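Below is one structure, written out as structure tokens; comments come after it.
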Amino acid sequence: MKNRIYIKDLKENIGKEVIIAGWVDVRRDQGKMVFFDMRDMTGKVQAVALPNKTEVIEKAKEIRPEWVLKISGIVNKRPDKNIKEGVLNGEVELEVTGIDVFNKAETSPIDLTTEGYEIGEEHRLKYRYLDLRRTRMQKNIRNRNKVAKLIRDYLIEKENFIEIETPILSKSTAEGARDFIVPSRLDQGKFYALPQAPQQYKQLLMASGMEKYFQMAKCMRDEDLRGDRQPEFTQLDMEMSFVDREDVMSLNENLLIEIVQKLYPEKTIQEIPFPRITYKDAMEKYGNDRPDLRKDKDDKNLLAFCWIIDFPFFEKTDKDNNVGAEGEWTFTHNPFSAAQPEYHEDLLNKKNIPNILTNQYDIVLNGYEIGGGSIRNHQPEALLAVYEIMGVKKEEVEKNLFYMLEAFRSGTPPHGGIAWGFDRLMMLLENEPNIREVMAFPKNGEGKDLMMNSPSELGSKQLKELGIKLEK
Ligand code: ASP
């Protein structure tokens, strides 16, 4: 918009007539004068319509919260007694000279002037486009962008990574959770799967010679939504060639420290370097593998990171796992992980199975697992051995994962990586109680999008095209 200035820049324009655009925030009609706050993406300012401007005051009496306006006005310094210290535009106000209405707004079905925690989440999610207008949500979503930008800059500029997008229409692979499935119309009876993680693609990118890959990756897992899970979430996913465990851990540790120190200077990291705890010690000492090490659990600015290492590679299956028959061995974290070097022979010989340790590392923050990764097998025999231990026949692996095995037979360098649960990290950095507060359009606890009303039924024509008959 021509000549529009941002609300944050008003204080540089004292004495001038300017144009701003945005939403009406709160409004106080004092009879002779009307005060209202205007809000744009950069902040708020108090506007005042004075009695001497008849046309303006008449319009100002009409406007309501959440209307979208263009305002022209003179930036005035507030009298000393009215200055609000430490608030954006606390020292100025806008004396309105003109009001143009772009869009009126019905009374908002949810209160947008509070932090919103007191409002039932069904309402907030139904009207998410309104809910996101509240100051707290604006801050969360904008800070999420700042963290993502720092990550991108750090990895690309400083560490020579490139960001590569991997497919969303992918293939069903057993990676621990259930896949979301997409029916193919052109090839009826066949299905794509949405990726649970870009694990195989990123390893194949190492085979391709990319060496340092990352992606802010959407991951989809069709799980029962216990606690704070979302069917769709974002990972900071990375993979590197010619690295050992130490390389991956130190790069990630430095990146986390940089995020906190640059973007959250009010926060303290309890211990640097991050403590490293073996899985065995964590289980013995804390009874879980994501201990909350904070010395003061009431200090909302304390961040206690730690690494958990030396996980067992295999465990006996339970019914939630879809690889291996019940009661057989399955992987604890990732079938593509390598065993620690001293257990490599055991893995190839399929012996000493319960004691084989993987190269897996998890990063934990304040009692939450915020990421995990491993050094991978890059030799076909080792990958085959992992699957054989889990009771999957060699021929079957050759059939299902032929492209991985072929890649491993075609010059794949040693490699390893990690993925962070980006939503969870943001939740902790923003001191929010759940990840929905840092996602623009989350699903509710039952996996529903209450705003668009999804999942939804398909019409018979669409079903027919897909060759799908629904069972009643
Ligand atoms: N793909 C793994 C996951 O989603 C992370 C990794 O090992 O890089 O948990």
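Quick note on naming: the chains in the structure tokens go A, B, ... in the order shown, residues restart at 1 in each chain, and ligands are numbered from 1 in order of appearance.
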
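Counting only C-alpha atoms, range 448-465 of chain A has the following residues at most 6 Å away, ignoring those fewer than 5 positions along the same chain: Leu125, Lys126 and Lys443 of chain A.
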
With all heavy atoms retained, export the selected residues as a short mmCIF file (atom, residue, chain, number, x, y, z; two decimals), in the first residue's frame.
```
data_model
loop_
_atom_site.label_atom_id
_atom_site.label_comp_id
_atom_site.auth_asym_id
_atom_site.auth_seq_id
_atom_site.Cartn_x
_atom_site.Cartn_y
_atom_site.Cartn_z
N LEU A 125 -9.55 -23.71 18.02
CA LEU A 125 -9.12 -24.39 16.79
C LEU A 125 -10.13 -24.19 15.66
O LEU A 125 -9.76 -24.11 14.50
CB LEU A 125 -8.91 -25.88 17.07
CG LEU A 125 -7.72 -26.20 17.98
CD1 LEU A 125 -7.59 -27.70 18.20
CD2 LEU A 125 -6.41 -25.65 17.42
N LYS A 126 -11.40 -24.09 16.02
CA LYS A 126 -12.41 -23.85 15.00
C LYS A 126 -12.20 -22.50 14.32
O LYS A 126 -12.36 -22.36 13.11
CB LYS A 126 -13.80 -23.92 15.65
CG LYS A 126 -14.91 -23.70 14.68
CD LYS A 126 -16.23 -24.20 15.19
CE LYS A 126 -17.26 -23.97 14.11
NZ LYS A 126 -18.59 -23.76 14.64
N LYS A 443 -4.09 -30.13 14.54
CA LYS A 443 -5.30 -30.94 14.69
C LYS A 443 -5.64 -31.00 16.19
O LYS A 443 -4.77 -30.75 17.03
CB LYS A 443 -5.06 -32.36 14.19
CG LYS A 443 -4.41 -32.45 12.82
CD LYS A 443 -5.44 -32.31 11.72
CE LYS A 443 -4.86 -32.60 10.35
NZ LYS A 443 -3.96 -31.56 9.82
#
```

Give me, as CSV, each residue of chain A that comes within 7 Å of ligand 1, together with its shortest interatomic pair and the distance in Å at one decimal, counting only C-alpha atoms and all ligand atoms, with rows ordered by chain and rising residue number.
```
residue,atom,partner,partner_atom_place_in_ligand_line,distance
A:Gln196,CA,ligand 1,4 (O),6.9
A:Ala197,CA,ligand 1,4 (O),4.9
A:Pro198,CA,ligand 1,1 (N),6.4
A:Gln199,CA,ligand 1,1 (N),4.5
A:Asp237,CA,ligand 1,8 (O),6.4
A:Met238,CA,ligand 1,8 (O),6.6
A:Asn334,CA,ligand 1,7 (O),6.2
A:Gly372,CA,ligand 1,5 (C),5.4
A:Gly373,CA,ligand 1,7 (O),3.4
A:Ser374,CA,ligand 1,7 (O),5.3
A:Gly417,CA,ligand 1,8 (O),4.9
A:Ile418,CA,ligand 1,8 (O),3.6
A:Ala419,CA,ligand 1,5 (C),4.5
```

Can you write just those residues out, N, CA and C atoms, as a PDB file, in the first residue's frame?
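For reference, part_11.pdb as written:
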```pdb
ATOM      1  N   GLN A 196       6.736 -41.091   7.252  1.00  0.00           N
ATOM      2  CA  GLN A 196       6.819 -40.945   8.717  1.00  0.00           C
ATOM      3  C   GLN A 196       8.029 -40.092   9.070  1.00  0.00           C
ATOM      4  N   ALA A 197       8.992 -40.102   8.193  1.00  0.00           N
ATOM      5  CA  ALA A 197      10.207 -39.288   8.292  1.00  0.00           C
ATOM      6  C   ALA A 197      10.937 -39.493   6.964  1.00  0.00           C
ATOM      7  N   PRO A 198      11.790 -38.534   6.591  1.00  0.00           N
ATOM      8  CA  PRO A 198      12.496 -38.720   5.305  1.00  0.00           C
ATOM      9  C   PRO A 198      13.696 -39.667   5.412  1.00  0.00           C
ATOM     10  N   GLN A 199      13.663 -40.576   6.375  1.00  0.00           N
ATOM     11  CA  GLN A 199      14.828 -41.405   6.688  1.00  0.00           C
ATOM     12  C   GLN A 199      15.504 -42.026   5.460  1.00  0.00           C
ATOM     13  N   ASP A 237      15.347 -32.206   9.992  1.00  0.00           N
ATOM     14  CA  ASP A 237      15.928 -33.497   9.648  1.00  0.00           C
ATOM     15  C   ASP A 237      17.296 -33.269   9.022  1.00  0.00           C
ATOM     16  N   MET A 238      18.298 -34.006   9.426  1.00  0.00           N
ATOM     17  CA  MET A 238      19.596 -33.843   8.759  1.00  0.00           C
ATOM     18  C   MET A 238      20.345 -35.154   8.626  1.00  0.00           C
ATOM     19  N   ASN A 334      15.611 -47.321  15.353  1.00  0.00           N
ATOM     20  CA  ASN A 334      15.706 -47.080  13.919  1.00  0.00           C
ATOM     21  C   ASN A 334      16.387 -48.290  13.287  1.00  0.00           C
ATOM     22  N   GLY A 372      16.528 -37.238  17.956  1.00  0.00           N
ATOM     23  CA  GLY A 372      17.284 -38.479  18.025  1.00  0.00           C
ATOM     24  C   GLY A 372      17.832 -38.821  16.664  1.00  0.00           C
ATOM     25  N   GLY A 373      18.885 -39.583  16.680  1.00  0.00           N
ATOM     26  CA  GLY A 373      19.470 -39.992  15.405  1.00  0.00           C
ATOM     27  C   GLY A 373      20.508 -41.052  15.642  1.00  0.00           C
ATOM     28  N   SER A 374      21.245 -41.367  14.592  1.00  0.00           N
ATOM     29  CA  SER A 374      22.255 -42.410  14.730  1.00  0.00           C
ATOM     30  C   SER A 374      23.228 -42.378  13.569  1.00  0.00           C
ATOM     31  N   GLY A 417      22.944 -39.193  11.018  1.00  0.00           N
ATOM     32  CA  GLY A 417      22.146 -37.973  11.086  1.00  0.00           C
ATOM     33  C   GLY A 417      21.301 -37.935  12.330  1.00  0.00           C
ATOM     34  N   ILE A 418      20.337 -37.058  12.264  1.00  0.00           N
ATOM     35  CA  ILE A 418      19.488 -36.828  13.428  1.00  0.00           C
ATOM     36  C   ILE A 418      18.222 -36.126  12.951  1.00  0.00           C
ATOM     37  N   ALA A 419      17.178 -36.184  13.741  1.00  0.00           N
ATOM     38  CA  ALA A 419      16.011 -35.346  13.478  1.00  0.00           C
ATOM     39  C   ALA A 419      15.531 -34.772  14.799  1.00  0.00           C
TER      40      ALA A 419
END
```

DSSP strand (DSSP E or B) residues within range 206-421 of chain A, listed as number ranges by chain
A: 212-220, 232-241, 268-269, 276-278, 302-303, 305-309, 312, 314-316, 329-331, 337, 339, 357-358, 361-365, 368-376, 415-421

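Minimum atom-to-atom distance to Thr358 in chain A, evaluated using only C-alpha atoms, belongs to A:Ser337 out of A:Gln188, A:Ser337, A:Asn377, A:Gln46.
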
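Taking CA of Glu271 in chain A as the reference point, CA of Asp362 in chain A is found at 16.6 Å.
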
Residues near Ala193 in chain A, cut-off 12 Å, only C-alpha atoms, skip fewer than 5 positions along chain, as a ChimeraX atom specification:
/A:167-175,177-184,198,219-222

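Counting only C-alpha atoms and comparing A:Leu429, A:Ile71, A:Leu204, A:Ala338, the residue that lies closest to Leu401 in chain A is A:Leu204.
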